[in-house]
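J.: One file: coords.cif (mmCIF, C-alpha atoms).
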data_data
loop_
_atom_site.label_atom_id
_atom_site.label_comp_id
_atom_site.auth_asym_id
_atom_site.auth_seq_id
_atom_site.Cartn_x
_atom_site.Cartn_y
_atom_site.Cartn_z
CA MET A 1 -25.11 -4.44 -76.59
CA LYS A 2 -24.76 -8.11 -75.68
CA ARG A 3 -22.45 -9.19 -72.86
CA ARG A 4 -19.49 -11.14 -74.24
CA ILE A 5 -18.81 -14.34 -72.31
CA ASP A 6 -15.85 -16.61 -72.98
CA LEU A 7 -16.70 -20.31 -73.34
CA GLY A 8 -14.00 -22.99 -73.22
CA LEU A 9 -13.88 -25.88 -75.70
CA LEU A 10 -11.60 -28.86 -74.97
CA TYR A 11 -12.06 -31.50 -77.67
CA SER A 12 -9.51 -33.68 -79.46
CA ARG A 13 -9.92 -33.22 -83.19
CA TYR A 14 -7.70 -36.17 -84.01
CA GLY A 15 -6.85 -39.41 -82.23
CA SER A 16 -8.79 -42.57 -81.30
CA TYR A 17 -12.12 -40.88 -80.54
CA SER A 18 -12.00 -37.85 -82.84
CA LEU A 19 -15.33 -38.67 -84.50
CA ILE A 20 -17.13 -38.29 -81.18
CA SER A 21 -15.20 -35.09 -80.44
CA GLU A 22 -16.18 -33.60 -83.79
CA ALA A 23 -19.85 -34.44 -83.19
CA CYS A 24 -19.74 -32.74 -79.78
CA ARG A 25 -17.90 -29.74 -81.19
CA THR A 26 -20.47 -29.37 -83.98
CA GLY A 27 -23.29 -29.33 -81.43
CA VAL A 28 -21.51 -26.71 -79.34
CA LEU A 29 -20.72 -24.36 -82.22
CA THR A 30 -24.22 -24.67 -83.69
CA ALA A 31 -25.76 -23.68 -80.37
CA VAL A 32 -23.26 -20.84 -79.87
CA ALA A 33 -24.29 -19.38 -83.24
CA GLU A 34 -27.97 -19.67 -82.30
CA VAL A 35 -27.49 -18.02 -78.90
CA ASN A 36 -25.45 -15.20 -80.40
CA GLY A 37 -28.08 -14.58 -83.07
CA ASP A 38 -31.07 -14.69 -80.71
CA PRO A 39 -32.34 -11.17 -79.92
CA GLY A 40 -33.94 -12.51 -76.74
CA MET A 41 -30.54 -13.39 -75.29
CA ASP A 42 -28.44 -10.62 -73.76
CA ILE A 43 -25.20 -12.65 -74.04
CA SER A 44 -22.75 -13.41 -76.83
CA LEU A 45 -20.65 -16.54 -76.35
CA VAL A 46 -17.00 -16.43 -77.48
CA PRO A 47 -15.39 -19.87 -77.97
CA VAL A 48 -11.90 -20.29 -76.50
CA GLU A 49 -10.67 -23.55 -77.99
CA ARG A 50 -7.81 -25.92 -77.19
CA ASP A 51 -7.13 -29.31 -78.80
CA PRO A 52 -5.46 -32.03 -76.66
CA GLY A 53 -5.01 -34.21 -79.75
CA GLY A 54 -6.10 -37.35 -77.92
CA ASN A 55 -3.14 -37.07 -75.51
CA ILE A 56 -4.36 -37.63 -71.95
CA ASP A 57 -1.44 -35.65 -70.50
CA ARG A 58 -2.57 -32.48 -72.28
CA TYR A 59 -6.12 -32.21 -70.95
CA ALA A 60 -5.41 -30.73 -67.53
CA PRO A 61 -2.72 -28.25 -68.74
CA LEU A 62 -4.91 -27.05 -71.62
CA CYS A 63 -7.95 -26.74 -69.37
CA ASP A 64 -5.81 -24.67 -67.00
CA GLU A 65 -4.64 -22.57 -69.96
CA ILE A 66 -8.23 -21.80 -70.98
CA LEU A 67 -9.11 -20.74 -67.45
CA ARG A 68 -5.94 -18.65 -66.93
CA GLU A 69 -5.77 -16.93 -70.29
CA SER A 70 -9.42 -16.10 -70.81
CA GLY A 71 -12.46 -15.19 -68.79
CA ALA A 72 -14.03 -18.61 -69.33
CA ARG A 73 -15.43 -20.34 -66.26
CA HIS A 74 -17.45 -22.89 -68.22
CA VAL A 75 -15.78 -25.49 -70.44
CA LEU A 76 -17.41 -27.96 -72.80
CA GLY A 77 -15.13 -30.88 -73.43
CA CYS A 78 -13.60 -34.26 -72.75
CA VAL A 79 -14.81 -37.49 -74.33
CA THR A 80 -13.30 -40.20 -72.14
CA SER A 81 -13.92 -40.54 -68.42
CA TRP A 82 -10.14 -40.61 -68.03
CA SER A 83 -9.85 -37.09 -69.43
CA ARG A 84 -12.83 -35.87 -67.42
CA LYS A 85 -11.26 -37.01 -64.18
CA GLU A 86 -7.94 -35.43 -65.23
CA VAL A 87 -9.47 -31.94 -65.46
CA ILE A 88 -11.68 -31.97 -62.34
CA PRO A 89 -8.87 -30.83 -59.96
CA THR A 90 -8.13 -27.92 -62.31
CA LEU A 91 -11.81 -26.97 -62.35
CA GLU A 92 -11.98 -27.17 -58.56
CA ARG A 93 -9.08 -24.76 -58.12
CA ALA A 94 -10.62 -22.25 -60.51
CA ARG A 95 -14.22 -22.70 -59.28
CA ALA A 96 -15.07 -23.54 -62.90
CA THR A 97 -17.47 -26.02 -64.51
CA LEU A 98 -17.12 -28.74 -67.13
CA TRP A 99 -20.19 -29.53 -69.25
CA TYR A 100 -19.76 -33.21 -70.09
CA VAL A 101 -21.93 -34.27 -73.03
CA VAL A 102 -21.16 -37.96 -73.64
CA PRO A 103 -22.44 -41.11 -71.89
CA TYR A 104 -20.46 -42.26 -68.88
CA GLU A 105 -20.30 -45.01 -66.25
CA GLY A 106 -21.96 -43.20 -63.32
CA PHE A 107 -20.93 -43.18 -59.66
CA GLU A 108 -19.87 -39.54 -59.81
CA ALA A 109 -21.56 -36.24 -58.97
CA SER A 110 -18.95 -33.50 -58.98
CA ASP A 111 -19.79 -29.94 -57.92
CA HIS A 112 -17.80 -28.87 -60.97
CA VAL A 113 -19.37 -31.04 -63.69
CA VAL A 114 -22.77 -30.99 -65.39
CA TYR A 115 -23.65 -34.31 -67.06
CA THR A 116 -26.00 -33.81 -70.03
CA HIS A 117 -25.78 -37.31 -71.54
CA ALA A 118 -26.80 -40.68 -70.09
CA CYS A 119 -25.53 -42.60 -67.04
CA PRO A 120 -26.14 -46.33 -66.34
CA ASN A 121 -29.77 -46.13 -65.23
CA GLN A 122 -30.41 -44.36 -68.55
CA HIS A 123 -28.43 -46.73 -70.78
CA LEU A 124 -26.83 -49.95 -69.46
CA LEU A 125 -29.52 -51.18 -67.07
CA PRO A 126 -32.50 -50.74 -69.43
CA LEU A 127 -30.44 -52.23 -72.27
CA LEU A 128 -29.50 -55.35 -70.30
CA GLY A 129 -33.02 -55.80 -68.94
CA TRP A 130 -34.46 -55.68 -72.45
CA THR A 131 -31.74 -57.96 -73.82
CA PHE A 132 -32.33 -60.66 -71.19
CA GLY A 133 -35.91 -61.06 -72.41
CA GLN A 134 -35.03 -60.98 -76.09
CA PHE A 135 -31.82 -63.01 -76.33
CA GLY A 136 -30.81 -64.58 -73.00
CA ARG A 137 -28.55 -63.93 -70.03
CA ARG A 138 -25.20 -65.38 -71.09
CA GLY A 139 -22.89 -62.51 -71.96
CA TYR A 140 -19.34 -61.80 -73.05
CA LEU A 141 -17.91 -58.43 -71.94
CA THR A 142 -15.40 -56.35 -73.89
CA GLY A 143 -13.83 -53.02 -73.02
CA SER A 144 -11.07 -50.54 -73.65
CA ASN A 145 -8.62 -50.66 -70.77
CA TYR A 146 -9.64 -47.60 -68.78
CA ILE A 147 -12.39 -46.34 -66.46
CA TRP A 148 -15.34 -46.62 -68.89
CA GLY A 149 -14.64 -50.25 -69.77
CA TRP A 150 -13.81 -51.33 -66.21
CA GLU A 151 -16.83 -49.76 -64.54
CA MET A 152 -19.40 -50.58 -67.22
CA ASN A 153 -18.34 -54.22 -67.19
CA ARG A 154 -18.23 -54.35 -63.38
CA LEU A 155 -21.82 -53.14 -63.31
CA ALA A 156 -22.87 -55.48 -66.13
CA ARG A 157 -21.25 -58.44 -64.37
CA GLU A 158 -23.26 -57.77 -61.21
CA VAL A 159 -26.53 -57.31 -63.10
CA ILE A 160 -26.04 -60.45 -65.18
CA THR A 161 -25.06 -62.56 -62.16
CA GLU A 162 -27.93 -61.34 -60.00
CA ALA A 163 -30.33 -62.09 -62.86
CA GLY A 164 -29.18 -65.72 -62.85
CA GLY A 165 -27.07 -65.33 -65.98
CA ASP A 166 -23.43 -66.03 -66.72
CA VAL A 167 -20.45 -63.95 -67.83
CA LEU A 168 -18.66 -66.28 -70.23
CA GLY A 169 -15.65 -64.06 -70.76
CA GLU A 170 -14.27 -60.57 -70.16
CA ARG A 171 -11.37 -58.98 -72.02
CA TYR A 172 -9.83 -55.50 -72.26
CA LEU A 173 -7.61 -53.90 -74.89
CA PRO A 174 -5.53 -50.71 -74.72
CA ILE A 175 -7.08 -47.64 -76.36
CA GLY A 176 -6.05 -47.75 -80.02
CA SER A 177 -5.11 -51.44 -79.98
CA THR A 178 -5.65 -53.34 -83.23
CA ASP A 179 -5.05 -56.87 -81.91
CA ILE A 180 -8.57 -58.24 -81.55
CA ARG A 181 -7.86 -61.83 -82.64
CA ARG A 182 -7.82 -63.43 -79.20
CA MET A 183 -11.05 -61.68 -78.22
CA ILE A 184 -12.79 -62.99 -81.34
CA GLU A 185 -11.51 -66.54 -80.72
CA GLU A 186 -12.75 -66.47 -77.12
CA ILE A 187 -16.19 -65.37 -78.32
CA ARG A 188 -16.18 -68.13 -80.93
CA ALA A 189 -15.46 -70.71 -78.23
CA ALA A 190 -17.85 -69.31 -75.58
CA ARG A 191 -20.92 -68.87 -77.88
CA PRO A 192 -22.67 -66.29 -75.67
CA ASP A 193 -26.19 -64.91 -76.10
CA PHE A 194 -24.89 -61.34 -76.47
CA ILE A 195 -21.70 -59.28 -76.39
CA LEU A 196 -21.44 -56.04 -74.44
CA ASN A 197 -19.12 -53.76 -76.39
CA ASN A 198 -17.33 -51.15 -74.27
CA LEU A 199 -14.48 -50.67 -76.70
CA ILE A 200 -13.87 -47.22 -78.18
CA GLY A 201 -12.40 -45.73 -81.34
CA GLN A 202 -10.39 -47.71 -83.88
CA THR A 203 -10.31 -50.80 -81.65
CA GLN A 204 -14.09 -50.91 -81.69
CA TYR A 205 -14.31 -50.48 -85.46
CA LEU A 206 -11.89 -53.35 -86.10
CA PHE A 207 -13.68 -55.54 -83.56
CA LEU A 208 -17.07 -54.98 -85.20
CA GLN A 209 -15.65 -55.76 -88.63
CA ALA A 210 -14.02 -58.97 -87.34
CA TYR A 211 -17.25 -59.99 -85.60
CA ALA A 212 -19.22 -59.48 -88.81
CA GLU A 213 -16.74 -61.81 -90.53
CA LEU A 214 -17.25 -64.35 -87.73
CA GLY A 215 -21.00 -64.13 -88.34
CA ARG A 216 -20.50 -64.98 -92.01
CA GLU A 217 -18.60 -68.10 -90.95
CA ASP A 218 -21.07 -69.18 -88.22
CA PRO A 219 -24.73 -68.01 -88.23
CA HIS A 220 -24.87 -68.10 -84.42
CA PHE A 221 -22.86 -64.88 -84.35
CA GLY A 222 -25.48 -62.79 -86.11
CA PRO A 223 -27.73 -60.02 -84.76
CA ALA A 224 -30.75 -62.33 -84.51
CA THR A 225 -29.05 -64.76 -82.12
CA CYS A 226 -25.97 -63.06 -80.60
CA PRO A 227 -26.09 -59.28 -81.02
CA ILE A 228 -23.47 -56.74 -80.01
CA LEU A 229 -24.71 -54.18 -77.46
CA SER A 230 -23.35 -50.68 -76.96
CA CYS A 231 -24.07 -47.72 -74.69
CA ASN A 232 -21.88 -45.18 -76.45
CA LEU A 233 -21.99 -45.89 -80.17
CA THR A 234 -23.98 -43.37 -82.22
CA GLU A 235 -24.54 -42.33 -85.81
CA CYS A 236 -21.36 -40.25 -85.89
CA GLU A 237 -19.26 -43.44 -85.98
CA LEU A 238 -21.34 -45.53 -88.38
CA PRO A 239 -19.50 -44.34 -91.52
CA ALA A 240 -16.19 -45.52 -90.03
CA ILE A 241 -17.66 -48.97 -89.32
CA GLY A 242 -19.56 -49.47 -92.56
CA PRO A 243 -21.74 -52.55 -93.18
CA ALA A 244 -20.29 -54.28 -90.08
CA ALA A 245 -22.56 -52.05 -87.96
CA GLU A 246 -25.71 -53.76 -89.25
CA GLY A 247 -27.68 -55.31 -86.41
CA LEU A 248 -25.79 -53.54 -83.63
CA ILE A 249 -28.05 -52.61 -80.69
CA ALA A 250 -27.45 -49.42 -78.71
CA ALA A 251 -29.06 -47.49 -75.88
CA GLY A 252 -29.17 -43.71 -75.90
CA PRO A 253 -31.31 -40.59 -75.44
CA TYR A 254 -31.58 -39.74 -79.14
CA PHE A 255 -31.39 -41.45 -82.50
CA ARG A 256 -31.67 -39.59 -85.75
CA GLY A 257 -35.17 -39.97 -87.15
CA ALA A 258 -36.74 -41.46 -84.00
CA PRO A 259 -40.53 -41.17 -84.57
CA ASP A 260 -41.29 -39.09 -81.47
CA ALA A 261 -38.00 -37.23 -81.15
CA ALA A 262 -38.08 -33.45 -81.02
CA LEU A 263 -36.56 -32.15 -84.27
CA PRO A 264 -35.83 -35.75 -85.32
CA GLU A 265 -33.64 -34.96 -88.34
CA ARG A 266 -31.77 -32.01 -86.90
CA PHE A 267 -28.83 -33.61 -85.11
CA GLY A 268 -26.37 -36.14 -86.48
CA SER A 269 -26.10 -38.07 -83.21
CA SER A 270 -26.93 -37.94 -79.50
CA HIS A 271 -23.44 -36.52 -78.85
CA GLU A 272 -24.24 -33.54 -81.03
CA ALA A 273 -27.72 -33.18 -79.50
CA ALA A 274 -26.40 -33.30 -75.91
CA ALA A 275 -23.69 -30.73 -76.67
CA HIS A 276 -26.24 -28.42 -78.27
CA ALA A 277 -28.55 -28.79 -75.27
CA ALA A 278 -25.71 -28.07 -72.83
CA VAL A 279 -24.88 -24.72 -74.45
CA TRP A 280 -28.51 -23.67 -74.37
CA MET A 281 -28.89 -24.74 -70.73
CA LEU A 282 -25.87 -22.63 -69.81
CA ALA A 283 -27.07 -19.69 -71.90
CA ARG A 284 -30.43 -19.68 -70.14
CA LEU A 285 -28.73 -19.78 -66.75
CA LEU A 286 -26.67 -16.71 -67.68
CA ASN A 287 -29.27 -14.71 -69.63
CA GLN A 288 -30.38 -11.44 -68.00
CA ARG A 289 -28.07 -12.12 -65.03
CA PRO A 290 -25.04 -9.81 -65.31
CA GLY A 291 -22.03 -11.29 -63.55
CA ALA A 292 -23.55 -14.77 -63.37
CA GLU A 293 -20.81 -16.12 -65.62
CA THR A 294 -18.36 -15.87 -62.69
CA LEU A 295 -20.54 -17.95 -60.34
CA PRO A 296 -20.05 -21.67 -59.67
CA VAL A 297 -22.72 -23.87 -61.19
CA SER A 298 -24.17 -24.66 -57.74
CA ALA A 299 -24.98 -20.97 -57.31
CA LEU A 300 -26.48 -20.77 -60.80
CA LEU A 301 -28.73 -23.74 -60.11
CA ALA A 302 -29.80 -22.37 -56.71
CA ASP A 303 -31.45 -19.37 -58.37
CA ARG A 304 -35.20 -19.54 -58.93
CA SER A 305 -34.73 -18.93 -62.64
CA ALA A 306 -32.99 -22.31 -62.95
CA ALA A 307 -36.10 -24.30 -62.01
CA GLY A 308 -37.08 -25.12 -65.58
CA ILE A 309 -33.60 -25.72 -67.00
CA GLY A 310 -33.68 -29.48 -66.39
CA ILE A 311 -30.52 -30.02 -64.33
CA ASP A 312 -30.82 -31.79 -60.97
CA GLN A 313 -29.51 -29.38 -58.33
CA CYS A 314 -27.96 -32.18 -56.23
CA THR A 315 -26.40 -34.51 -58.83
CA HIS A 316 -26.05 -32.16 -61.85
CA HIS A 317 -27.54 -34.88 -64.08
CA THR A 318 -30.47 -34.41 -66.45
CA VAL A 319 -33.76 -36.09 -67.37
CA LEU A 320 -33.39 -37.83 -70.74
CA PRO A 321 -35.36 -40.10 -73.08
CA VAL A 322 -34.23 -43.73 -72.85
CA LEU A 323 -34.29 -45.44 -76.23
CA ILE A 324 -32.99 -48.73 -77.59
CA GLY A 325 -32.15 -48.70 -81.28
CA GLN A 326 -30.82 -51.25 -83.74
CA VAL A 327 -28.88 -50.48 -86.89
CA ARG A 328 -30.83 -51.44 -89.99
CA ASN A 329 -29.83 -50.28 -93.45
CA GLY A 330 -27.26 -47.91 -92.02
CA ARG A 331 -29.41 -46.11 -89.44
CA PHE A 332 -30.94 -46.83 -86.04
CA ASP A 333 -34.50 -48.13 -85.83
CA ILE A 334 -36.16 -47.80 -82.42
CA ARG A 335 -36.78 -51.16 -80.75
CA ARG A 336 -37.95 -49.87 -77.35
CA ASP A 337 -38.85 -46.48 -75.84
CA PHE A 338 -38.75 -46.31 -72.02
CA GLY A 339 -39.88 -42.67 -71.88
CA ARG A 340 -38.00 -39.97 -70.01
CA VAL A 341 -35.87 -41.04 -67.03
CA ALA A 342 -34.02 -38.89 -64.49
CA GLY A 343 -30.30 -39.50 -64.22
CA ASP A 344 -29.49 -41.48 -61.05
CA PRO A 345 -25.69 -41.80 -60.94
CA TYR A 346 -25.56 -43.78 -57.68
CA LEU A 347 -28.55 -46.02 -58.50
CA THR A 348 -30.46 -44.96 -55.40
CA ARG A 349 -33.97 -44.36 -56.76
CA GLY A 350 -36.43 -47.21 -56.84
CA ARG A 351 -35.73 -50.56 -58.48
CA GLU A 352 -35.23 -49.58 -62.11
CA ARG A 353 -32.24 -51.89 -62.35
CA ALA A 354 -32.26 -54.94 -64.51
CA MET A 355 -33.26 -58.01 -62.50
CA GLY A 356 -32.59 -56.52 -59.06
CA GLY A 357 -29.58 -54.35 -59.74
CA PRO A 358 -26.06 -54.04 -58.39
CA LYS A 359 -24.88 -53.18 -54.94
CA LEU A 360 -23.88 -49.53 -54.47
CA ARG A 361 -20.20 -48.76 -54.82
CA VAL A 362 -18.81 -45.25 -55.10
CA VAL A 363 -15.89 -44.92 -57.52
CA THR A 364 -13.65 -41.88 -57.49
#
Show me this structure written as structure tokens.
T.:
Amino acid sequence: MKRRIDLGLLYSRYGSYSLISEACRTGVLTAVAEVNGDPGMDISLVPVERDPGGNIDRYAPLCDEILRESGARHVLGCVTSWSRKEVIPTLERARATLWYVVPYEGFEASDHVVYTHACPNQHLLPLLGWTFGQFGRRGYLTGSNYIWGWEMNRLAREVITEAGGDVLGERYLPIGSTDIRRMIEEIRAARPDFILNNLIGQTQYLFLQAYAELGREDPHFGPATCPILSCNLTECELPAIGPAAEGLIAAGPYFRGAPDAALPERFGSSHEAAAHAAVWMLARLLNQRPGAETLPVSALLADRSAAGIGIDQCTHHTVLPVLIGQVRNGRFDIRRDFGRVAGDPYLTRGRERAMGGPKLRVVT
């Protein structure tokens, strides 16, 4: 008889970033089915699901509801850094753990979060370093008006400046905003070498479509001379963007069909792959350890059996492939493979940073 273990899910199935949420949720539920059907696992995972609907005020109460009304002490969920930070106090009170499976801006290492997607030394810094050599060092920075956009652009500004480049403009829009006209006009006037896109959801889709139209009017604004860069855009959002995604360059740990990727056609995006990996990491930490589901993640990782799981015991980040892909004919082609890189949220290891790297600043 398998031990039944409740597993929280906290994803918004509608709202500005629902496509990412659905990709994560698909990865979670696929892995849950695999774990439950594996005769070598002595556990059966039982999803306990709540849907915040994209409303930031609902994340903490619904996380609390999962933890109060079920036996779950592990929750997979949250897409934005805003929502992640909203639930951390709830997790701390309950001695519970969030498994966060989307890219984020770094400068965090919570005892109550495991980060299974990329942080800046695994996406932004390699992407900028590669871009400087290919296109130039004059950038325009865009972002949705919350933590992800602010911190990614702060870091990019420091890297570009220390590399001898220039930030020709920087503009933020509220999540869900559709007014991208001024941003496009500023880009038209500035004529940068690249644009760093830290917009999310519908705002991003409209921006990419407007930029593609700008490129039809002026050849400078095409992928060969002034590409758009992203650290969080994956295959799960390409259908919503359509042909305007052509030429977009992104950094990530997985792209569907990458030549050397494990199971290259299995997952629809890196969000789905990271969510799937997170469930299996947790399952292996709990397997053949009765009562382990009640332990904090620090205690799980301190056990000898956790040595091969792949989670850093100090930072709770993971080792991931670092790939740069470019959209061609509706899918990502790999432009550069940096190999596997350990997550370094505070940028303390070596000099991997683009052109010297930023000064350390802890953001809470």
J.: Which residues of segment 62-81 of chain A have any atom within 9 Å of an atom in segment 46-51 of chain A when counting only C-alpha atoms, and what is the closest pair of atoms for each, with the distance in Å to one decimal? Order the rows by chain and rising number and write it as a tab-separated table.
T.:
residue	atom	partner	partner_atom	distance
A:Leu62	CA	A:Arg50	CA	6.4
A:Cys63	CA	A:Arg50	CA	7.9
A:Glu65	CA	A:Arg50	CA	8.6
A:Ile66	CA	A:Val48	CA	6.8
A:Ser70	CA	A:Val48	CA	7.5
A:Ala72	CA	A:Val48	CA	7.7
A:Val75	CA	A:Val48	CA	8.9
J.: Name the residues captured by the PyMOL selection byres ((chain A and resi 208-224) around 10) when it is applied to the shown file; answer as a ChimeraX atom specification.
T.: /A:134-135,180-181,183-185,187-188,191-195,197,199,202-207,225-229,241-249,326-327
J.: List the residues selected by the PyMOL selection byres ((chain A and resi 299) around 12) in the file shown, writing them as a VMD selection string.
T.: chain A and resid 95 to 97 111 to 112 285 to 286 291 to 298 300 to 306 313 to 314
J.: Using Å and a single decimal, report how far atom CA of Arg3 of chain A sits from atom CA of Pro61 of chain A.
T.: 27.7 Å
J.: Select, from A:Ile175, A:Ala33, A:Ala273, A:Val113, the residue with the minimum atom-to-atom distance to Asn145 of chain A, counting all atoms listed in the file.
T.: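 With all atoms listed in the file as the atom set, the closest residue is A:Ile175.
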J.: Applied to this file, what does the PyMOL selection byres ((chain A and resi 133) around 12) return in terms of residues, put as a list in words?
T.: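 With the PyMOL selection byres ((chain A and resi 133) around 12) on this model, the match is Pro126, Leu127, Leu128, Gly129, Trp130, Thr131, Phe132, Gln134, Phe135, Gly136, Arg137, Arg138, Ala163, Gly165, Asp193, Phe194, Ala354 and Met355 of chain A.
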J.: Applying 7 Å and all atoms listed in the file, which residues near segment 276-279 of chain A remain after dropping the ones on its own chain fewer than 4 positions away? List them as a list in words.
T.: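 The residues that qualify are Gly27, Val28, Thr30, Ala31, Val32, Trp99, Thr116, Glu272 and Ala283 of chain A.
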J.: Between A:Tyr59, A:Tyr14, A:Phe107, A:Tyr100, which one has atoms that come closest to Glu86 of chain A, using all atoms listed in the file?
T.: A:Tyr59
J.: Atom CA of Gly149 of chain A and atom CA of Asp333 of chain A are how many Å apart?
T.: 25.6 Å
J.: Hey, what's within 7 Å of Asn121 of chain A if we count all atoms listed in the file and toss same-chain stuff fewer than 4 positions away? As number ranges by chain, please?
T.: A: 125-126, 343-344, 347, 353
J.: For atom CA of Tyr146 of chain A and atom CA of Val102 of chain A, quote the distance in Å rounded to one decimal.
T.: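 Separation between atom CA of Tyr146 of chain A and atom CA of Val102 of chain A: 15.8 Å.
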J.: Complete the atom set of segment 342-349 of chain A to all heavy atoms and return it as a PDB file, keeping the file's coordinate frame.
T.:
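File written: out20.pdb
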ATOM      1  N   ALA A 342     -34.979 -39.774 -65.159  1.00  0.00           N
ATOM      2  CA  ALA A 342     -34.020 -38.890 -64.490  1.00  0.00           C
ATOM      3  C   ALA A 342     -32.705 -39.616 -64.258  1.00  0.00           C
ATOM      4  O   ALA A 342     -32.683 -40.789 -63.870  1.00  0.00           O
ATOM      5  CB  ALA A 342     -34.593 -38.411 -63.151  1.00  0.00           C
ATOM      6  N   GLY A 343     -31.607 -38.918 -64.478  1.00  0.00           N
ATOM      7  CA  GLY A 343     -30.300 -39.500 -64.220  1.00  0.00           C
ATOM      8  C   GLY A 343     -30.127 -39.809 -62.734  1.00  0.00           C
ATOM      9  O   GLY A 343     -30.410 -38.974 -61.879  1.00  0.00           O
ATOM     10  N   ASP A 344     -29.662 -41.017 -62.428  1.00  0.00           N
ATOM     11  CA  ASP A 344     -29.490 -41.480 -61.050  1.00  0.00           C
ATOM     12  C   ASP A 344     -28.099 -42.107 -60.938  1.00  0.00           C
ATOM     13  O   ASP A 344     -27.938 -43.320 -60.995  1.00  0.00           O
ATOM     14  CB  ASP A 344     -30.585 -42.505 -60.726  1.00  0.00           C
ATOM     15  CG  ASP A 344     -30.501 -43.047 -59.316  1.00  0.00           C
ATOM     16  OD1 ASP A 344     -29.799 -42.440 -58.480  1.00  0.00           O
ATOM     17  OD2 ASP A 344     -31.137 -44.084 -59.050  1.00  0.00           O
ATOM     18  N   PRO A 345     -27.060 -41.279 -60.811  1.00  0.00           N
ATOM     19  CA  PRO A 345     -25.690 -41.800 -60.940  1.00  0.00           C
ATOM     20  C   PRO A 345     -25.300 -42.838 -59.910  1.00  0.00           C
ATOM     21  O   PRO A 345     -24.433 -43.672 -60.181  1.00  0.00           O
ATOM     22  CB  PRO A 345     -24.833 -40.539 -60.810  1.00  0.00           C
ATOM     23  CG  PRO A 345     -25.681 -39.557 -60.070  1.00  0.00           C
ATOM     24  CD  PRO A 345     -27.076 -39.832 -60.528  1.00  0.00           C
ATOM     25  N   TYR A 346     -25.910 -42.807 -58.710  1.00  0.00           N
ATOM     26  CA  TYR A 346     -25.560 -43.780 -57.680  1.00  0.00           C
ATOM     27  C   TYR A 346     -26.600 -44.894 -57.537  1.00  0.00           C
ATOM     28  O   TYR A 346     -26.547 -45.689 -56.597  1.00  0.00           O
ATOM     29  CB  TYR A 346     -25.343 -43.063 -56.343  1.00  0.00           C
ATOM     30  CG  TYR A 346     -24.108 -42.191 -56.355  1.00  0.00           C
ATOM     31  CD1 TYR A 346     -24.210 -40.814 -56.535  1.00  0.00           C
ATOM     32  CD2 TYR A 346     -22.843 -42.740 -56.225  1.00  0.00           C
ATOM     33  CE1 TYR A 346     -23.073 -40.012 -56.569  1.00  0.00           C
ATOM     34  CE2 TYR A 346     -21.708 -41.951 -56.259  1.00  0.00           C
ATOM     35  CZ  TYR A 346     -21.823 -40.584 -56.434  1.00  0.00           C
ATOM     36  OH  TYR A 346     -20.706 -39.799 -56.479  1.00  0.00           O
ATOM     37  N   LEU A 347     -27.545 -44.954 -58.471  1.00  0.00           N
ATOM     38  CA  LEU A 347     -28.550 -46.020 -58.500  1.00  0.00           C
ATOM     39  C   LEU A 347     -29.279 -46.132 -57.169  1.00  0.00           C
ATOM     40  O   LEU A 347     -29.368 -47.202 -56.567  1.00  0.00           O
ATOM     41  CB  LEU A 347     -27.887 -47.353 -58.876  1.00  0.00           C
ATOM     42  CG  LEU A 347     -27.105 -47.343 -60.190  1.00  0.00           C
ATOM     43  CD1 LEU A 347     -26.467 -48.703 -60.439  1.00  0.00           C
ATOM     44  CD2 LEU A 347     -27.971 -46.930 -61.362  1.00  0.00           C
ATOM     45  N   THR A 348     -29.805 -45.017 -56.704  1.00  0.00           N
ATOM     46  CA  THR A 348     -30.460 -44.960 -55.400  1.00  0.00           C
ATOM     47  C   THR A 348     -31.972 -44.867 -55.470  1.00  0.00           C
ATOM     48  O   THR A 348     -32.634 -45.001 -54.441  1.00  0.00           O
ATOM     49  CB  THR A 348     -29.953 -43.748 -54.612  1.00  0.00           C
ATOM     50  OG1 THR A 348     -30.236 -42.545 -55.340  1.00  0.00           O
ATOM     51  CG2 THR A 348     -28.455 -43.838 -54.366  1.00  0.00           C
ATOM     52  N   ARG A 349     -32.528 -44.623 -56.643  1.00  0.00           N
ATOM     53  CA  ARG A 349     -33.970 -44.360 -56.760  1.00  0.00           C
ATOM     54  C   ARG A 349     -34.704 -45.588 -57.249  1.00  0.00           C
ATOM     55  O   ARG A 349     -34.513 -46.025 -58.383  1.00  0.00           O
ATOM     56  CB  ARG A 349     -34.222 -43.201 -57.716  1.00  0.00           C
ATOM     57  CG  ARG A 349     -33.592 -41.896 -57.275  1.00  0.00           C
ATOM     58  CD  ARG A 349     -33.769 -40.837 -58.328  1.00  0.00           C
ATOM     59  NE  ARG A 349     -32.968 -39.662 -58.017  1.00  0.00           N
ATOM     60  CZ  ARG A 349     -32.537 -38.794 -58.920  1.00  0.00           C
ATOM     61  NH1 ARG A 349     -32.840 -38.970 -60.191  1.00  0.00           N
ATOM     62  NH2 ARG A 349     -31.813 -37.754 -58.563  1.00  0.00           N
TER      63      ARG A 349
END
